[in-house]
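Text of work28.cif (mmCIF, C-alpha atoms and all ligand atoms) as supplied:
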```
data_coords
#
loop_
_atom_site.label_atom_id
_atom_site.label_comp_id
_atom_site.auth_asym_id
_atom_site.auth_seq_id
_atom_site.Cartn_x
_atom_site.Cartn_y
_atom_site.Cartn_z
CA MET A 13 0.00 0.00 0.00
CA SER A 14 1.31 3.49 -0.85
CA SER A 15 2.02 5.85 2.08
CA LYS A 16 -0.98 7.96 1.08
CA ILE A 17 -4.45 6.42 1.38
CA ARG A 18 -5.79 6.26 -2.18
CA ILE A 19 -9.50 7.00 -2.21
CA GLY A 20 -12.24 6.37 -4.76
CA LEU A 21 -15.23 8.70 -4.50
CA ILE A 22 -18.61 7.16 -5.35
CA GLY A 23 -21.40 9.70 -5.85
CA TYR A 24 -20.50 13.07 -7.35
CA GLY A 25 -23.78 14.92 -6.75
CA TYR A 26 -24.24 17.87 -4.38
CA TRP A 27 -22.03 16.60 -1.55
CA GLY A 28 -19.41 14.50 -3.40
CA PRO A 29 -17.45 17.48 -4.81
CA ASN A 30 -16.85 18.70 -1.23
CA TYR A 31 -15.18 15.38 -0.46
CA VAL A 32 -12.94 15.53 -3.54
CA ARG A 33 -11.84 19.05 -2.66
CA ALA A 34 -11.30 18.33 1.05
CA LEU A 35 -9.51 15.01 0.47
CA SER A 36 -7.31 16.53 -2.26
CA GLU A 37 -6.15 19.20 0.21
CA LEU A 38 -5.11 16.71 2.91
CA PRO A 39 -1.53 15.39 2.94
CA GLY A 40 -2.41 11.81 3.99
CA CYS A 41 -4.61 10.84 1.06
CA SER A 42 -5.32 11.32 -2.62
CA VAL A 43 -8.42 10.84 -4.75
CA THR A 44 -7.61 8.35 -7.50
CA VAL A 45 -11.01 7.94 -9.16
CA ILE A 46 -14.43 9.62 -9.20
CA CYS A 47 -17.52 7.52 -9.94
CA ASP A 48 -21.09 8.56 -10.66
CA SER A 49 -23.82 6.69 -12.51
CA GLN A 50 -24.86 9.90 -14.31
CA PRO A 51 -22.53 10.87 -17.20
CA GLU A 52 -23.29 14.61 -16.85
CA ARG A 53 -22.06 14.50 -13.24
CA LEU A 54 -18.83 12.93 -14.49
CA GLU A 55 -18.45 15.70 -17.06
CA ARG A 56 -18.67 18.21 -14.21
CA ALA A 57 -16.09 16.22 -12.23
CA ALA A 58 -13.72 15.99 -15.22
CA SER A 59 -13.85 19.73 -15.82
CA ARG A 60 -13.20 20.61 -12.17
CA PHE A 61 -10.65 17.86 -11.43
CA PRO A 62 -9.19 17.00 -14.87
CA GLN A 63 -6.30 15.01 -13.35
CA ILE A 64 -8.65 12.46 -11.69
CA PRO A 65 -10.03 9.60 -13.83
CA VAL A 66 -13.79 9.03 -13.80
CA CYS A 67 -16.09 6.03 -14.26
CA GLU A 68 -19.81 5.24 -14.25
CA ASP A 69 -19.92 1.93 -12.41
CA ALA A 70 -18.95 1.49 -8.75
CA ARG A 71 -17.66 -2.00 -9.52
CA GLU A 72 -14.98 -0.41 -11.74
CA VAL A 73 -13.75 1.53 -8.71
CA LEU A 74 -13.41 -1.70 -6.76
CA GLU A 75 -11.55 -3.43 -9.60
CA ARG A 76 -8.82 -0.79 -9.60
CA THR A 77 -5.47 -1.51 -7.98
CA ASP A 78 -4.97 2.12 -6.91
CA VAL A 79 -7.93 2.29 -4.48
CA ASP A 80 -7.39 1.53 -0.77
CA ALA A 81 -10.63 3.11 0.45
CA VAL A 82 -13.89 4.53 -0.85
CA VAL A 83 -16.17 7.38 0.12
CA ILE A 84 -19.82 6.56 -0.55
CA SER A 85 -21.68 9.81 -1.09
CA THR A 86 -24.76 8.48 -2.87
CA PRO A 87 -28.45 8.50 -1.82
CA ALA A 88 -29.27 6.72 1.47
CA SER A 89 -31.05 3.80 -0.18
CA THR A 90 -27.80 2.77 -1.96
CA HIS A 91 -25.47 2.91 1.08
CA TYR A 92 -25.86 -0.66 2.32
CA LYS A 93 -25.24 -2.35 -1.03
CA LEU A 94 -22.28 -0.16 -2.00
CA ALA A 95 -20.69 -0.39 1.47
CA ARG A 96 -21.02 -4.18 1.43
CA LEU A 97 -19.38 -4.40 -2.01
CA ALA A 98 -16.55 -2.13 -0.87
CA LEU A 99 -15.87 -4.11 2.32
CA GLU A 100 -16.10 -7.45 0.51
CA SER A 101 -13.45 -6.20 -1.90
CA GLY A 102 -11.20 -5.40 1.09
CA ARG A 103 -11.58 -1.61 0.99
CA HIS A 104 -11.95 0.75 3.95
CA ALA A 105 -15.01 2.99 3.61
CA ILE A 106 -16.61 6.24 4.67
CA VAL A 107 -20.37 5.95 4.21
CA GLU A 108 -22.53 9.05 4.26
CA LYS A 109 -25.37 9.20 6.77
CA PRO A 110 -27.58 7.31 7.38
CA LEU A 111 -25.41 4.18 7.34
CA ALA A 112 -28.29 2.03 5.99
CA LEU A 113 -32.06 1.86 6.09
CA GLU A 114 -32.24 -1.24 8.33
CA VAL A 115 -30.64 -1.89 11.71
CA GLU A 116 -29.64 -5.42 10.72
CA HIS A 117 -27.88 -4.04 7.63
CA CYS A 118 -25.87 -1.68 9.87
CA GLU A 119 -24.95 -4.59 12.14
CA GLU A 120 -24.00 -6.74 9.15
CA LEU A 121 -21.73 -4.00 7.78
CA GLY A 122 -20.08 -3.54 11.19
CA ALA A 123 -19.44 -7.28 11.48
CA LEU A 124 -18.11 -7.44 7.91
CA ALA A 125 -15.71 -4.54 8.53
CA ASP A 126 -14.42 -6.26 11.68
CA ALA A 127 -14.06 -9.63 9.91
CA LYS A 128 -12.13 -8.00 7.07
CA GLY A 129 -10.05 -5.83 9.42
CA ARG A 130 -11.21 -2.70 7.61
CA VAL A 131 -12.23 0.74 8.90
CA LEU A 132 -15.87 1.63 8.31
CA MET A 133 -16.76 5.20 9.19
CA VAL A 134 -20.23 6.74 9.10
CA ALA A 135 -20.09 10.39 8.07
CA HIS A 136 -21.70 11.99 11.12
CA THR A 137 -19.77 15.13 10.24
CA PHE A 138 -20.97 17.22 13.18
CA LEU A 139 -18.96 15.06 15.60
CA TYR A 140 -15.94 16.63 13.88
CA ASN A 141 -17.26 20.19 14.07
CA PRO A 142 -15.17 22.25 16.56
CA GLY A 143 -18.38 24.12 17.55
CA ILE A 144 -20.12 20.89 18.55
CA GLN A 145 -16.94 19.74 20.32
CA LYS A 146 -17.01 23.02 22.26
CA LEU A 147 -20.68 22.46 23.08
CA ARG A 148 -19.84 19.05 24.53
CA GLN A 149 -17.03 20.56 26.59
CA CYS A 150 -19.53 23.11 27.98
CA VAL A 151 -22.22 20.52 28.76
CA LYS A 152 -19.68 18.26 30.51
CA SER A 153 -18.25 21.06 32.68
CA SER A 154 -19.45 21.50 36.27
CA ALA A 155 -20.37 25.13 35.44
CA PHE A 156 -23.19 23.85 33.21
CA GLY A 157 -24.99 21.99 35.98
CA GLN A 158 -27.59 19.36 35.23
CA VAL A 159 -28.89 18.92 31.65
CA TYR A 160 -32.61 19.72 31.49
CA TYR A 161 -33.30 19.37 27.77
CA LEU A 162 -31.92 19.78 24.24
CA HIS A 163 -33.58 21.33 21.24
CA SER A 164 -32.46 21.50 17.65
CA THR A 165 -33.84 23.08 14.52
CA ARG A 166 -32.78 22.12 11.00
CA THR A 167 -34.99 23.88 8.48
CA ASN A 168 -34.60 25.05 4.91
CA LEU A 169 -36.29 24.78 1.52
CA GLY A 170 -35.19 21.26 0.54
CA PRO A 171 -33.10 19.83 -0.99
CA ILE A 172 -35.85 17.23 -1.30
CA ARG A 173 -34.74 13.58 -1.43
CA HIS A 174 -36.52 10.93 -3.43
CA ASP A 175 -35.63 7.86 -1.39
CA VAL A 176 -36.06 8.95 2.24
CA ASN A 177 -38.17 11.49 4.14
CA ALA A 178 -36.92 14.73 5.72
CA ILE A 179 -36.40 13.00 9.07
CA TRP A 180 -34.10 10.30 7.64
CA ASP A 181 -32.29 12.99 5.65
CA LEU A 182 -31.79 15.66 8.32
CA ALA A 183 -32.34 14.23 11.80
CA PRO A 184 -29.28 11.88 11.67
CA HIS A 185 -27.26 15.04 12.32
CA ASP A 186 -29.27 15.96 15.42
CA ILE A 187 -29.54 12.44 16.81
CA SER A 188 -25.79 11.94 16.45
CA ILE A 189 -25.13 15.34 18.08
CA PHE A 190 -27.48 14.63 21.04
CA ASN A 191 -25.96 11.16 21.57
CA TYR A 192 -22.46 12.66 21.42
CA LEU A 193 -23.30 15.44 23.89
CA LEU A 194 -25.01 13.12 26.37
CA GLU A 195 -22.78 10.08 25.68
CA GLU A 196 -25.83 7.83 25.55
CA GLN A 197 -28.66 6.79 23.24
CA PRO A 198 -32.31 7.68 23.64
CA LEU A 199 -34.61 5.26 25.44
CA TRP A 200 -37.74 6.18 23.50
CA ALA A 201 -38.89 8.26 20.54
CA SER A 202 -42.13 10.01 19.77
CA ALA A 203 -42.64 11.73 16.42
CA ILE A 204 -45.16 13.39 14.19
CA GLY A 205 -44.49 14.14 10.54
CA SER A 206 -46.46 15.90 7.87
CA ARG A 207 -46.44 16.05 4.09
CA ALA A 208 -46.84 19.80 3.81
CA LEU A 209 -45.59 19.89 0.21
CA GLY A 210 -47.85 17.05 -0.88
CA ASN A 211 -44.92 14.65 -1.36
CA SER A 212 -45.18 10.91 -0.88
CA ARG A 213 -42.86 11.22 2.15
CA GLU A 214 -42.83 13.45 5.23
CA ASP A 215 -41.15 16.79 4.56
CA VAL A 216 -41.69 18.17 8.07
CA GLY A 217 -40.98 16.37 11.33
CA PHE A 218 -41.29 17.05 15.06
CA VAL A 219 -39.37 14.44 17.02
CA THR A 220 -39.01 14.01 20.77
CA LEU A 221 -36.36 11.69 22.19
CA GLY A 222 -36.34 10.57 25.81
CA TYR A 223 -32.96 9.98 27.43
CA ALA A 224 -32.10 8.71 30.92
CA ASN A 225 -32.85 10.92 33.93
CA ASP A 226 -35.86 12.49 32.19
CA VAL A 227 -33.68 14.45 29.77
CA ILE A 228 -35.71 15.33 26.69
CA GLY A 229 -34.29 16.04 23.23
CA ASN A 230 -36.51 17.75 20.71
CA ILE A 231 -35.74 17.93 16.99
CA HIS A 232 -37.56 19.94 14.36
CA VAL A 233 -36.65 19.28 10.73
CA SER A 234 -38.25 20.71 7.63
CA TRP A 235 -37.76 20.89 3.87
CA ALA A 236 -40.66 23.34 3.65
CA ASP A 237 -39.41 26.30 5.68
CA PRO A 238 -37.90 29.26 3.77
CA ASN A 239 -35.96 30.26 6.89
CA LYS A 240 -32.70 28.30 7.02
CA VAL A 241 -31.82 27.42 10.62
CA ARG A 242 -29.07 25.12 11.88
CA GLU A 243 -29.22 25.44 15.65
CA VAL A 244 -28.73 23.21 18.68
CA VAL A 245 -29.63 24.46 22.17
CA VAL A 246 -28.86 22.72 25.45
CA VAL A 247 -30.54 24.05 28.58
CA GLY A 248 -29.13 23.16 31.98
CA SER A 249 -29.61 24.17 35.59
CA ARG A 250 -26.83 26.78 35.51
CA GLN A 251 -26.29 27.58 31.82
CA ARG A 252 -27.85 27.51 28.38
CA VAL A 253 -25.51 26.85 25.45
CA VAL A 254 -26.33 27.48 21.82
CA PHE A 255 -24.61 26.19 18.67
CA ASP A 256 -25.51 28.15 15.56
CA ASP A 257 -23.81 26.66 12.52
CA LEU A 258 -24.74 29.66 10.37
CA ASN A 259 -23.07 32.17 12.70
CA ASP A 260 -19.37 32.21 11.79
CA LEU A 261 -18.64 34.95 14.32
CA GLU A 262 -20.34 33.40 17.36
CA ARG A 263 -20.83 29.73 16.56
CA VAL A 264 -21.29 28.93 20.27
CA ARG A 265 -22.79 31.18 22.92
CA ILE A 266 -22.99 30.43 26.63
CA PHE A 267 -25.77 32.07 28.64
CA GLU A 268 -24.69 32.03 32.25
CA LYS A 269 -28.23 32.08 33.47
CA GLY A 270 -30.41 29.34 34.81
CA VAL A 271 -33.07 28.29 37.21
CA SER A 272 -32.54 25.49 39.71
CA LEU A 273 -33.90 24.15 42.93
CA SER A 274 -32.47 25.52 46.12
CA GLU A 275 -31.76 22.46 48.22
CA THR A 276 -30.95 24.40 51.38
CA ASP A 277 -34.49 25.71 51.69
CA ALA A 278 -36.10 22.33 51.17
CA GLY A 279 -36.01 21.23 54.80
CA THR A 280 -37.01 24.64 56.15
CA PHE A 281 -40.09 25.32 54.06
CA GLY A 282 -41.19 21.79 53.30
CA GLU A 283 -41.00 22.48 49.60
CA PHE A 284 -38.28 23.28 47.07
CA LYS A 285 -37.65 26.86 46.12
CA LEU A 286 -36.62 27.86 42.60
CA LEU A 287 -33.62 30.15 42.35
CA VAL A 288 -32.99 32.20 39.22
CA ARG A 289 -29.35 32.93 38.42
CA ASP A 290 -28.49 35.80 36.13
CA GLY A 291 -25.13 36.28 34.42
CA ASP A 292 -23.15 37.00 31.28
CA ILE A 293 -23.50 35.82 27.71
CA ILE A 294 -20.14 34.55 26.50
CA SER A 295 -18.92 33.72 23.00
CA PRO A 296 -15.94 31.41 23.54
CA LYS A 297 -13.08 31.54 21.06
CA ILE A 298 -13.11 28.49 18.85
CA GLU A 299 -10.24 27.50 16.59
CA PHE A 300 -12.35 26.57 13.61
CA SER A 301 -11.27 23.86 11.17
CA GLU A 302 -13.28 22.23 8.40
CA PRO A 303 -15.38 19.35 9.82
CA LEU A 304 -15.11 17.31 6.60
CA LYS A 305 -11.31 17.49 6.75
CA ASN A 306 -11.29 16.64 10.46
CA GLN A 307 -13.51 13.65 9.71
CA ALA A 308 -11.26 12.48 6.86
CA THR A 309 -8.19 12.90 9.07
CA ASP A 310 -9.74 10.64 11.73
CA PHE A 311 -10.50 8.09 8.98
CA ILE A 312 -6.91 8.13 7.68
CA GLN A 313 -5.47 7.89 11.21
CA ALA A 314 -7.90 5.08 12.13
CA ILE A 315 -6.60 3.12 9.11
CA SER A 316 -2.94 3.68 9.95
CA GLU A 317 -3.46 3.01 13.69
CA ASN A 318 -5.77 0.05 13.07
CA ARG A 319 -8.50 1.46 15.35
CA LYS A 320 -12.12 2.51 15.06
CA PRO A 321 -12.88 6.11 14.12
CA VAL A 322 -14.87 8.41 16.44
CA SER A 323 -17.90 8.09 14.16
CA ASP A 324 -17.86 4.31 13.92
CA THR A 325 -20.42 1.72 12.86
CA LEU A 326 -21.94 1.54 16.33
CA THR A 327 -22.51 5.31 16.29
CA GLY A 328 -24.25 4.96 12.92
CA THR A 329 -26.27 1.93 14.07
CA HIS A 330 -27.58 3.79 17.14
CA VAL A 331 -28.78 6.58 14.84
CA VAL A 332 -30.55 4.17 12.47
CA ARG A 333 -32.18 2.33 15.38
CA THR A 334 -33.55 5.67 16.63
CA LEU A 335 -34.79 6.52 13.11
CA LYS A 336 -36.62 3.18 13.08
CA ALA A 337 -38.30 4.03 16.39
CA ILE A 338 -39.25 7.43 14.94
CA ASP A 339 -40.82 5.70 11.90
CA ALA A 340 -42.77 3.37 14.18
CA SER A 341 -43.96 6.28 16.31
CA MET A 342 -45.10 8.27 13.26
CA ARG A 343 -47.13 5.29 12.12
CA GLU A 344 -48.81 5.36 15.57
CA HIS A 345 -49.47 9.14 15.43
CA GLY A 346 -46.75 10.02 17.93
CA LYS A 347 -47.00 7.18 20.42
CA ALA A 348 -43.74 6.73 22.37
CA VAL A 349 -41.75 3.78 20.98
CA GLU A 350 -38.90 2.09 22.84
CA VAL A 351 -35.71 2.56 20.82
CA ALA A 352 -33.97 -0.64 21.98
CA LYS A 353 -36.83 -2.72 20.60
CA CYS A 354 -36.42 -1.25 17.11
CA LYS A 355 -34.03 -3.86 15.83
CA VAL A 356 -35.94 -5.32 12.94
CA ALA A 357 -38.72 -3.02 11.88
CA SER A 358 -40.37 -2.60 8.52
CA ARG A 359 -38.69 -0.51 5.83
CA SER A 360 -38.51 3.24 6.26
CA SER A 361 -40.97 5.18 4.17
N1 LIG B 401 -22.78 15.36 6.06
C1 LIG B 401 -23.48 16.32 5.46
O1 LIG B 401 -23.54 17.43 5.92
C2 LIG B 401 -24.20 15.98 4.18
C3 LIG B 401 -24.65 17.02 3.35
C4 LIG B 401 -25.31 16.67 2.16
C5 LIG B 401 -25.51 15.34 1.84
N2 LIG B 401 -25.06 14.37 2.69
C6 LIG B 401 -25.28 12.96 2.36
O2 LIG B 401 -24.51 12.64 1.20
C7 LIG B 401 -25.19 11.69 0.39
C8 LIG B 401 -25.35 12.25 -1.00
O3 LIG B 401 -26.11 13.43 -0.94
P1 LIG B 401 -26.16 14.46 -2.17
O4 LIG B 401 -26.87 15.66 -1.64
O5 LIG B 401 -24.82 14.61 -2.76
O6 LIG B 401 -27.12 13.66 -3.16
P2 LIG B 401 -27.22 13.84 -4.75
O7 LIG B 401 -28.46 13.15 -5.15
O8 LIG B 401 -27.01 15.27 -5.11
O9 LIG B 401 -25.97 13.03 -5.29
C9 LIG B 401 -25.86 11.64 -5.25
C10 LIG B 401 -25.08 11.18 -6.46
O10 LIG B 401 -24.90 9.76 -6.37
C11 LIG B 401 -25.00 9.24 -7.68
N3 LIG B 401 -25.30 7.80 -7.56
C12 LIG B 401 -26.45 7.22 -7.12
N4 LIG B 401 -26.32 5.88 -7.10
C13 LIG B 401 -25.07 5.61 -7.55
C14 LIG B 401 -24.34 4.40 -7.74
N5 LIG B 401 -24.88 3.21 -7.48
N6 LIG B 401 -23.08 4.49 -8.24
C15 LIG B 401 -22.53 5.69 -8.52
N7 LIG B 401 -23.17 6.87 -8.33
C16 LIG B 401 -24.42 6.82 -7.86
C17 LIG B 401 -26.11 10.03 -8.35
O11 LIG B 401 -26.04 9.97 -9.74
C18 LIG B 401 -25.83 11.44 -7.79
O12 LIG B 401 -24.99 12.18 -8.65
C19 LIG B 401 -26.52 11.40 1.12
O13 LIG B 401 -26.38 10.25 1.89
C20 LIG B 401 -26.71 12.60 2.01
O14 LIG B 401 -27.45 12.29 3.18
C21 LIG B 401 -24.42 14.67 3.82
#
```
Please lay out the structure from this file as C-alpha cells.
Ligand SMILES: NC(=O)c1ccc[n+]([C@@H]2O[C@H](COP(=O)([O-])OP(=O)(O)OC[C@H]3O[C@@H](n4cnc5c(N)ncnc54)[C@H](O)[C@@H]3O)[C@@H](O)[C@H]2O)c1
Amino acid sequence: MSSKIRIGLIGYGYWGPNYVRALSELPGCSVTVICDSQPERLERAASRFPQIPVCEDAREVLERTDVDAVVISTPASTHYKLARLALESGRHAIVEKPLALEVEHCEELGALADAKGRVLMVAHTFLYNPGIQKLRQCVKSSAFGQVYYLHSTRTNLGPIRHDVNAIWDLAPHDISIFNYLLEEQPLWASAIGSRALGNSREDVGFVTLGYANDVIGNIHVSWADPNKVREVVVVGSRQRVVFDDLNDLERVRIFEKGVSLSETDAGTFGEFKLLVRDGDIISPKIEFSEPLKNQATDFIQAISENRKPVSDTLTGTHVVRTLKAIDASMREHGKAVEVAKCKVASRSS
C-alpha cells in the first residue's frame, strides 16, 4: 500500500465534490477515481478535477489496484449495497449518513468490517465540528450543571430527497449530536411528521427523544421552511448553550443564566424553592477547522493506527435504530416507541 491512502469517491452529486476538494487538500490521502452513474455528473467532475479519472460503475472503482478506500456519497437507499461491495473487496469505507435503512444491515456491515479488518466510518460530520466539540465541553463542565433538555432546529427549503423522508435525511445530524453530547442513546422516541408539500414522504418532522434521567431532546426538521436554521440548544440548571452553525462569528454562545432548585431551603419550608441565576452571555473563542477534513483525518489515522474512528459503525447503528423508532412512532401518530426494541422493523418510508 502506498504511504498515502488512495481514495475512490462514489457519488458526485451535491455533496461528493466537497469530499474531492477536502480530500485533495489533505496530505495523507489522494483521490484516484471519481464515480457517478450519471454521465453529466462525471463531465462536471472531469472539468473541475481534470487530473482524476472518472467512471460510471462502482464495480470499476473496486476493480482498480490504486484504491485503498472509498467514500460513498450516494443516496441513502444505496449505502448498504455499496458499502457491502466495498468491504467485501477489502476496501476501507466512509459511508454518508444514514449508514443504511435497516438496523440489521448496519450490524451486518459492522461485522463485515471487523471480519475483514477494515475501517468503516459513518459520516456523522458534526462530531468533527469544533463548535459541537465546544458544546460538549460546555455541557460536561461543572459550570453547566444538570442537563434539562436539548432542542435543535434544521430547516430550509429542501433539498428534497426521493428515497427517504426529511427526518431520515436531516435528523441523523441531530440524533448523532445529542448522543455525542449526552454520551448515551435515547430510550424512547415520539414523532409526528407531515407532508406539507404534498410529497409521498414526510417533509416536516417534530421528534421528541427521551434519554435517561428524564432528559428530553426535541428535533424539528423541515424541507418546507424558507428560513434556514441550523441550531442546537442545550438548557441546563446553571447555563444555556447554543450552537448556531450559520453564525461564523459566534458559533457557540454560553448564557450564564439558569433556574434550579435551592436544596438548602427544602427542609425549612417543606418544599423546594426555585432560584434564578443571572449572568453573562459569552462567545468562547473556537479554533475553527473544516469538519469534513477533520472527519477524513480521523479516517486516515484510524486506518494507519488500526483502530475505530470516532464516528464508527456503532454510532451509525444507534442513529438508524432511533430513526426506526421514529418511523414506528409516526405510524402510531406520535405514540412513544422504545428505541432498543427497534431492531428489525419494517422498511422506512
Ligand atoms: N454530512 C453532510 O452534511 C451531508 C450534506 C449533504 C448530503 N449528505 C449525504 O450525502 C449523500 C449524497 O447526498 P447528495 O446531496 O450529494 O445527493 P445527490 O443526489 O445530489 O448526489 C448523489 C449522487 O450519487 C450518484 N449515484 C447514485 N447511485 C449511484 C451508484 N450506485 N453508483 C454511482 N453513483 C451513484 C447520483 O447519480 C448522484 O450524482 C446522502 O447520503 C446525504 O445524506 C451529507
TODO: Please provide the set of residues having any atom within 6 Å of Gly157 (chain A), restricted to all atoms listed in the file, with same-chain residues fewer than 5 positions apart removed, written as a ChimeraX atom specification.
DONE: /A:248-250
Counting all atoms listed in the file, closest pick from A:Phe218, A:Trp180, A:Phe156, A:Tyr161 relative to ligand LIG 401 (chain B) is A:Trp180
Exercise. Closest to Thr137 (chain A) among A:Lys305, A:Arg242, A:Arg60, A:His174, using all atoms listed in the file?
Worked result: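 Residue with the minimum atom-to-atom distance to Thr137 (chain A): A:Lys305.
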A straight line from CA of Ile189 (chain A) to CA of Ile144 (chain A) spans 7.5 Å
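Using all atoms listed in the file, the protein and nucleic acid residues lying no more than 8 Å from Pro303 (chain A), apart from those fewer than 6 places from it along its own chain, are Thr137, Phe138, Tyr140, Asn141 and Pro142 of chain A.
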Interatomic distance, CA of Cys41 (chain A) to CA of Ile64 (chain A) (Å, one decimal)
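So the answer is 13.5 Å.
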Return as lines of an AutoDock Vina configuration file the box centre and box size in Å, one decimal, for an axis-aligned box around all listed atoms of region 118-133 of chain A padded by 4 Å per side.
```
center_x = -18.0
center_y = -2.2
center_z = 9.6
size_x = 23.8
size_y = 22.8
size_z = 13.1
```
